[in-house]
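S.K.: Structure incoming, see below.
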Amino acid sequence: MPATPAQADPDIKTVKARVDRLYHEAEAAQERLHDARLDLADLRQDLAGLKADQARQDERLDAVRDQVSDAVVRQLEGEGISTVGQVVVSEDPGSFLDTLSTMSSFNDLQSSLLSDYDTELQALAIRQEATDDRADEIADLTEQLSSEKRTVDDKLAEAKDLLADLEAKERERLLASRSGVSRMPSSVPASGRAAAAIQYAMAQVGDAYVYGAAGESAFDCSGLTMRAWAQAGVSLPHSSSAQYGSGPHVAASDLQPGDLVFYYSPISHVGMYIGNGMIVHAANPGAGVTVSGLYSMPYVGAVRPG
């Protein structure tokens, strides 16, 4: 009986499935990293606002301190004369008593201002601490995602090594099957801003897919759609899940060329609808920017930018 190997060499279908899975895992990690960067930018903006509030409160406290200091000095300068004595020697006792009442009200005002400031300062300190804690969480998440992406890249390199071991003919057939392009539309019916976005995206077909890239000659999925719609004057975030909230949602039956279409749950891929059941998208490192069928991936929904 011939010896049976402990593990047979993987066939073309197994390698294709493994590479597909690893490509998507890497893309999902990259899109989560985009989200973390957007959150971090918001937190930094909030922190800048807190620091500005702190500066304004410091100026207010300085002014209050000056007022209190002046009051104390004036009180010390006249402390040798009793209140009753000041009333007696005053040319206008009624006026002096009015002044004394005003001073008492002034002191009450200072006390109120200091109390209010102390309360606001404590609130700012709480917000500052919460913001710092959140920033630390984002930093930890960013490092975690970077580590995850490195792991996926290692697995991807391993899968590519397996692919390289296959016969050249089989490898060529696998790479051809990965493109997912059944037909390249000669023209895409669109008008207005959508036409500008589609024209840009279609001009990138054949460009490379690079995680985190947004041009000029390489893109990831949300980087391509972001740059395409920028040509039409529409600003989109560099994140597929964030782009899903960037405009009104449209049903699949109402899709128009230029609409953004989203895939997987949680959302981790985005493309652009170009009509006739087709999309243009930055697919993965194996296919690059290409044209595929609308339902070539698990479809989630669509958004109409602008």
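Identifiers for the structure tokens are assigned positionally: chains receive A, B, ... in sequence, residues are indexed from 1 per chain, and ligands are indexed from 1 in the order shown.
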Give me the residues near stretch 223-231 of chain A as number ranges by chain, where near means some atom within 7 Å (using only C-alpha atoms) and where sequence neighbours in that chain fewer than 3 positions away do not count.

M.R.: A: 196-198, 200-201, 213-214, 219-220, 234-238, 271-272, 282

S.K.: What would the file look like if the residues just selected were written as a PDB file, in the first residue's frame with N, CA and C atoms?

M.R.:
```pdb
ATOM      1  N   ALA A 196     -19.162  62.825 -13.222  1.00  0.00           N
ATOM      2  CA  ALA A 196     -17.762  63.133 -12.918  1.00  0.00           C
ATOM      3  C   ALA A 196     -17.156  62.062 -12.021  1.00  0.00           C
ATOM      4  N   ALA A 197     -17.923  61.595 -11.037  1.00  0.00           N
ATOM      5  CA  ALA A 197     -17.423  60.562 -10.131  1.00  0.00           C
ATOM      6  C   ALA A 197     -17.179  59.249 -10.872  1.00  0.00           C
ATOM      7  N   ILE A 198     -18.128  58.866 -11.729  1.00  0.00           N
ATOM      8  CA  ILE A 198     -17.986  57.620 -12.484  1.00  0.00           C
ATOM      9  C   ILE A 198     -16.814  57.701 -13.448  1.00  0.00           C
ATOM     10  N   TYR A 200     -14.103  59.338 -13.209  1.00  0.00           N
ATOM     11  CA  TYR A 200     -12.827  59.178 -12.493  1.00  0.00           C
ATOM     12  C   TYR A 200     -12.617  57.712 -12.095  1.00  0.00           C
ATOM     13  N   ALA A 201     -13.655  57.098 -11.513  1.00  0.00           N
ATOM     14  CA  ALA A 201     -13.515  55.721 -11.040  1.00  0.00           C
ATOM     15  C   ALA A 201     -13.203  54.772 -12.190  1.00  0.00           C
ATOM     16  N   ALA A 213      -4.647  53.164   0.680  1.00  0.00           N
ATOM     17  CA  ALA A 213      -4.283  54.099  -0.382  1.00  0.00           C
ATOM     18  C   ALA A 213      -5.512  54.825  -0.931  1.00  0.00           C
ATOM     19  N   ALA A 214      -5.281  56.056  -1.413  1.00  0.00           N
ATOM     20  CA  ALA A 214      -6.344  56.844  -2.041  1.00  0.00           C
ATOM     21  C   ALA A 214      -5.784  57.597  -3.240  1.00  0.00           C
ATOM     22  N   PHE A 219      -5.335  52.296  -4.772  1.00  0.00           N
ATOM     23  CA  PHE A 219      -6.493  52.630  -3.943  1.00  0.00           C
ATOM     24  C   PHE A 219      -6.873  51.435  -3.080  1.00  0.00           C
ATOM     25  N   ASP A 220      -7.547  51.726  -1.949  1.00  0.00           N
ATOM     26  CA  ASP A 220      -8.367  50.695  -1.328  1.00  0.00           C
ATOM     27  C   ASP A 220      -9.816  51.052  -1.650  1.00  0.00           C
ATOM     28  N   VAL A 234     -17.899  66.521  -3.857  1.00  0.00           N
ATOM     29  CA  VAL A 234     -18.543  65.929  -2.689  1.00  0.00           C
ATOM     30  C   VAL A 234     -17.469  65.323  -1.796  1.00  0.00           C
ATOM     31  N   SER A 235     -17.418  65.742  -0.548  1.00  0.00           N
ATOM     32  CA  SER A 235     -16.425  65.256   0.401  1.00  0.00           C
ATOM     33  C   SER A 235     -16.961  64.025   1.135  1.00  0.00           C
ATOM     34  N   LEU A 236     -16.203  62.937   1.083  1.00  0.00           N
ATOM     35  CA  LEU A 236     -16.559  61.697   1.782  1.00  0.00           C
ATOM     36  C   LEU A 236     -15.425  61.300   2.712  1.00  0.00           C
ATOM     37  N   PRO A 237     -15.738  60.655   3.832  1.00  0.00           N
ATOM     38  CA  PRO A 237     -14.681  60.156   4.715  1.00  0.00           C
ATOM     39  C   PRO A 237     -14.009  58.926   4.118  1.00  0.00           C
ATOM     40  N   HIS A 238     -12.773  58.677   4.528  1.00  0.00           N
ATOM     41  CA  HIS A 238     -12.032  57.512   4.036  1.00  0.00           C
ATOM     42  C   HIS A 238     -12.377  56.313   4.923  1.00  0.00           C
ATOM     43  N   GLY A 271     -18.279  49.998  -3.197  1.00  0.00           N
ATOM     44  CA  GLY A 271     -18.011  50.183  -4.612  1.00  0.00           C
ATOM     45  C   GLY A 271     -18.972  51.221  -5.166  1.00  0.00           C
ATOM     46  N   MET A 272     -18.907  51.457  -6.479  1.00  0.00           N
ATOM     47  CA  MET A 272     -19.776  52.436  -7.121  1.00  0.00           C
ATOM     48  C   MET A 272     -20.594  51.757  -8.212  1.00  0.00           C
ATOM     49  N   ALA A 282     -12.381  49.070  -6.016  1.00  0.00           N
ATOM     50  CA  ALA A 282     -11.053  48.546  -5.703  1.00  0.00           C
ATOM     51  C   ALA A 282     -11.291  47.243  -4.956  1.00  0.00           C
TER      52      ALA A 282
END
```

S.K.: For A:Ser241, work out the shell of residues within 8 Å, counting only C-alpha atoms and skipping chain neighbours fewer than 4 positions away, then give it as a list in words.

M.R.: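 With the cut-off at 8 Å, the set is Glu31, Asp35, Gly245, Ile267 and Ser268 of chain A.
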
S.K.: So that I can see what lies close to A:Ala48, please list as a PyMOL selection string the residues with an atom at most 12 Å from it, counting only C-alpha atoms and leaving out residues fewer than 5 positions away in the same chain.

M.R.: chain A and resi 41-43+53-55+127-128+131-132

S.K.: Emit the selected residues as a PDB file, in the first residue's frame, including all heavy atoms.

M.R.:
```pdb
ATOM      1  N   ALA A  41      -9.540  61.748  15.233  1.00  0.00           N
ATOM      2  CA  ALA A  41      -9.561  63.141  14.761  1.00  0.00           C
ATOM      3  C   ALA A  41     -10.650  63.933  15.483  1.00  0.00           C
ATOM      4  O   ALA A  41     -10.442  65.088  15.878  1.00  0.00           O
ATOM      5  CB  ALA A  41      -9.777  63.179  13.257  1.00  0.00           C
ATOM      6  N   ASP A  42     -11.826  63.312  15.672  1.00  0.00           N
ATOM      7  CA  ASP A  42     -12.910  63.983  16.400  1.00  0.00           C
ATOM      8  C   ASP A  42     -12.506  64.258  17.846  1.00  0.00           C
ATOM      9  O   ASP A  42     -12.790  65.328  18.399  1.00  0.00           O
ATOM     10  CB  ASP A  42     -14.176  63.124  16.368  1.00  0.00           C
ATOM     11  CG  ASP A  42     -14.818  63.083  14.992  1.00  0.00           C
ATOM     12  OD1 ASP A  42     -14.506  63.966  14.165  1.00  0.00           O
ATOM     13  OD2 ASP A  42     -15.619  62.157  14.742  1.00  0.00           O
ATOM     14  N   LEU A  43     -11.850  63.284  18.469  1.00  0.00           N
ATOM     15  CA  LEU A  43     -11.431  63.460  19.856  1.00  0.00           C
ATOM     16  C   LEU A  43     -10.400  64.571  19.983  1.00  0.00           C
ATOM     17  O   LEU A  43     -10.428  65.357  20.937  1.00  0.00           O
ATOM     18  CB  LEU A  43     -10.851  62.144  20.388  1.00  0.00           C
ATOM     19  CG  LEU A  43     -11.882  61.050  20.695  1.00  0.00           C
ATOM     20  CD1 LEU A  43     -11.188  59.737  20.981  1.00  0.00           C
ATOM     21  CD2 LEU A  43     -12.751  61.454  21.862  1.00  0.00           C
ATOM     22  N   ASP A  53     -11.619  76.370  26.062  1.00  0.00           N
ATOM     23  CA  ASP A  53     -12.496  76.691  27.190  1.00  0.00           C
ATOM     24  C   ASP A  53     -11.680  76.949  28.451  1.00  0.00           C
ATOM     25  O   ASP A  53     -11.962  77.870  29.222  1.00  0.00           O
ATOM     26  CB  ASP A  53     -13.475  75.540  27.451  1.00  0.00           C
ATOM     27  CG  ASP A  53     -14.535  75.429  26.362  1.00  0.00           C
ATOM     28  OD1 ASP A  53     -14.699  76.407  25.612  1.00  0.00           O
ATOM     29  OD2 ASP A  53     -15.174  74.368  26.268  1.00  0.00           O
ATOM     30  N   GLN A  54     -10.662  76.129  28.641  1.00  0.00           N
ATOM     31  CA  GLN A  54      -9.805  76.279  29.812  1.00  0.00           C
ATOM     32  C   GLN A  54      -9.117  77.641  29.808  1.00  0.00           C
ATOM     33  O   GLN A  54      -9.038  78.330  30.833  1.00  0.00           O
ATOM     34  CB  GLN A  54      -8.747  75.171  29.823  1.00  0.00           C
ATOM     35  CG  GLN A  54      -7.775  75.231  30.991  1.00  0.00           C
ATOM     36  CD  GLN A  54      -8.414  74.778  32.281  1.00  0.00           C
ATOM     37  OE1 GLN A  54      -8.951  73.680  32.359  1.00  0.00           O
ATOM     38  NE2 GLN A  54      -8.381  75.627  33.296  1.00  0.00           N
ATOM     39  N   ALA A  55      -8.632  78.059  28.641  1.00  0.00           N
ATOM     40  CA  ALA A  55      -7.951  79.347  28.542  1.00  0.00           C
ATOM     41  C   ALA A  55      -8.912  80.494  28.854  1.00  0.00           C
ATOM     42  O   ALA A  55      -8.552  81.458  29.554  1.00  0.00           O
ATOM     43  CB  ALA A  55      -7.353  79.514  27.145  1.00  0.00           C
ATOM     44  N   ARG A 127     -14.337  66.242  31.808  1.00  0.00           N
ATOM     45  CA  ARG A 127     -14.351  66.047  30.355  1.00  0.00           C
ATOM     46  C   ARG A 127     -12.939  65.780  29.826  1.00  0.00           C
ATOM     47  O   ARG A 127     -12.734  64.962  28.946  1.00  0.00           O
ATOM     48  CB  ARG A 127     -14.946  67.274  29.675  1.00  0.00           C
ATOM     49  CG  ARG A 127     -16.447  67.434  29.874  1.00  0.00           C
ATOM     50  CD  ARG A 127     -16.982  68.563  29.034  1.00  0.00           C
ATOM     51  NE  ARG A 127     -16.868  68.261  27.614  1.00  0.00           N
ATOM     52  CZ  ARG A 127     -17.022  69.160  26.648  1.00  0.00           C
ATOM     53  NH1 ARG A 127     -17.260  70.419  26.963  1.00  0.00           N
ATOM     54  NH2 ARG A 127     -16.922  68.813  25.384  1.00  0.00           N
ATOM     55  N   GLN A 128     -11.981  66.516  30.383  1.00  0.00           N
ATOM     56  CA  GLN A 128     -10.588  66.329  29.962  1.00  0.00           C
ATOM     57  C   GLN A 128     -10.140  64.897  30.234  1.00  0.00           C
ATOM     58  O   GLN A 128      -9.539  64.239  29.383  1.00  0.00           O
ATOM     59  CB  GLN A 128      -9.694  67.309  30.710  1.00  0.00           C
ATOM     60  CG  GLN A 128      -8.203  67.130  30.456  1.00  0.00           C
ATOM     61  CD  GLN A 128      -7.738  67.921  29.261  1.00  0.00           C
ATOM     62  OE1 GLN A 128      -8.049  69.092  29.159  1.00  0.00           O
ATOM     63  NE2 GLN A 128      -7.017  67.284  28.383  1.00  0.00           N
ATOM     64  N   THR A 131     -11.848  62.534  27.840  1.00  0.00           N
ATOM     65  CA  THR A 131     -11.273  62.627  26.493  1.00  0.00           C
ATOM     66  C   THR A 131      -9.919  61.942  26.433  1.00  0.00           C
ATOM     67  O   THR A 131      -9.614  61.234  25.470  1.00  0.00           O
ATOM     68  CB  THR A 131     -11.146  64.106  26.082  1.00  0.00           C
ATOM     69  OG1 THR A 131     -12.438  64.711  26.127  1.00  0.00           O
ATOM     70  CG2 THR A 131     -10.598  64.232  24.666  1.00  0.00           C
ATOM     71  N   ASP A 132      -9.097  62.152  27.449  1.00  0.00           N
ATOM     72  CA  ASP A 132      -7.782  61.509  27.486  1.00  0.00           C
ATOM     73  C   ASP A 132      -7.923  59.989  27.511  1.00  0.00           C
ATOM     74  O   ASP A 132      -7.188  59.271  26.835  1.00  0.00           O
ATOM     75  CB  ASP A 132      -6.981  61.982  28.702  1.00  0.00           C
ATOM     76  CG  ASP A 132      -6.523  63.431  28.561  1.00  0.00           C
ATOM     77  OD1 ASP A 132      -6.548  63.946  27.424  1.00  0.00           O
ATOM     78  OD2 ASP A 132      -6.153  64.027  29.584  1.00  0.00           O
TER      79      ASP A 132
END
```

S.K.: When distances are computed from only C-alpha atoms, which of A:Ile138, A:Ala26, A:Leu294, A:Ala283 shows the smallest separation from A:Asp153?

M.R.: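 Of the candidates, the smallest distance to A:Asp153 is held by A:Ala26.
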
S.K.: Give the answer as one residue: which of A:Pro257, A:Cys221, A:Val250, A:Gln243 has the shortest atom-to-atom distance to A:Gln204, using only C-alpha atoms?

M.R.: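 Closest to A:Gln204, using only C-alpha atoms: A:Cys221.
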
S.K.: From the list A:Ser240, A:Gln122, A:Ser222, A:Thr151, which residue is nearest A:Pro266 when using only C-alpha atoms?

M.R.: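 Ranking A:Ser240, A:Gln122, A:Ser222, A:Thr151 by distance to A:Pro266, first place goes to A:Ser240.
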
S.K.: Could you find all residues in stretch 160-305 of chain A that DSSP calls strand (DSSP E) from the backbone, and write them as JSON, numbers by chain?

M.R.: {"A": [208, 209, 218, 219, 249, 250, 260, 261, 262, 263, 269, 270, 271, 272, 273, 274, 275, 278, 279, 280, 281, 282, 283, 284, 288, 289, 290, 291, 292, 293, 299, 300, 301, 302, 303]}

S.K.: Give the answer as one residue: which of A:Gly301, A:Thr14, A:Asp207, A:Gly247 has the shortest atom-to-atom distance to A:His269, using only C-alpha atoms?

M.R.: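 Answer, going by the shortest atom-to-atom distance: A:Gly301.
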
S.K.: Pick out the closest residue to A:Ala195 from this set: A:Glu25, A:Asp254, A:Asp259, A:Glu143. Count only C-alpha atoms.

M.R.: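 Answer, going by the shortest atom-to-atom distance: A:Asp259.
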
S.K.: Using only C-alpha atoms, which of the listed residues (A:Arg18, A:Arg304, A:Lys13, A:His34) sits closest to A:Lys155?

M.R.: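 Closest to A:Lys155 of all the choices is A:Arg18.
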
S.K.: Show me, as a ChimeraX atom specification, the residues that have an atom within 9 Å of A:Val19 when counting only C-alpha atoms, minus same-chain residues fewer than 4 positions from it.

M.R.: /A:14-15,23-24,155-156,159-160,163,286
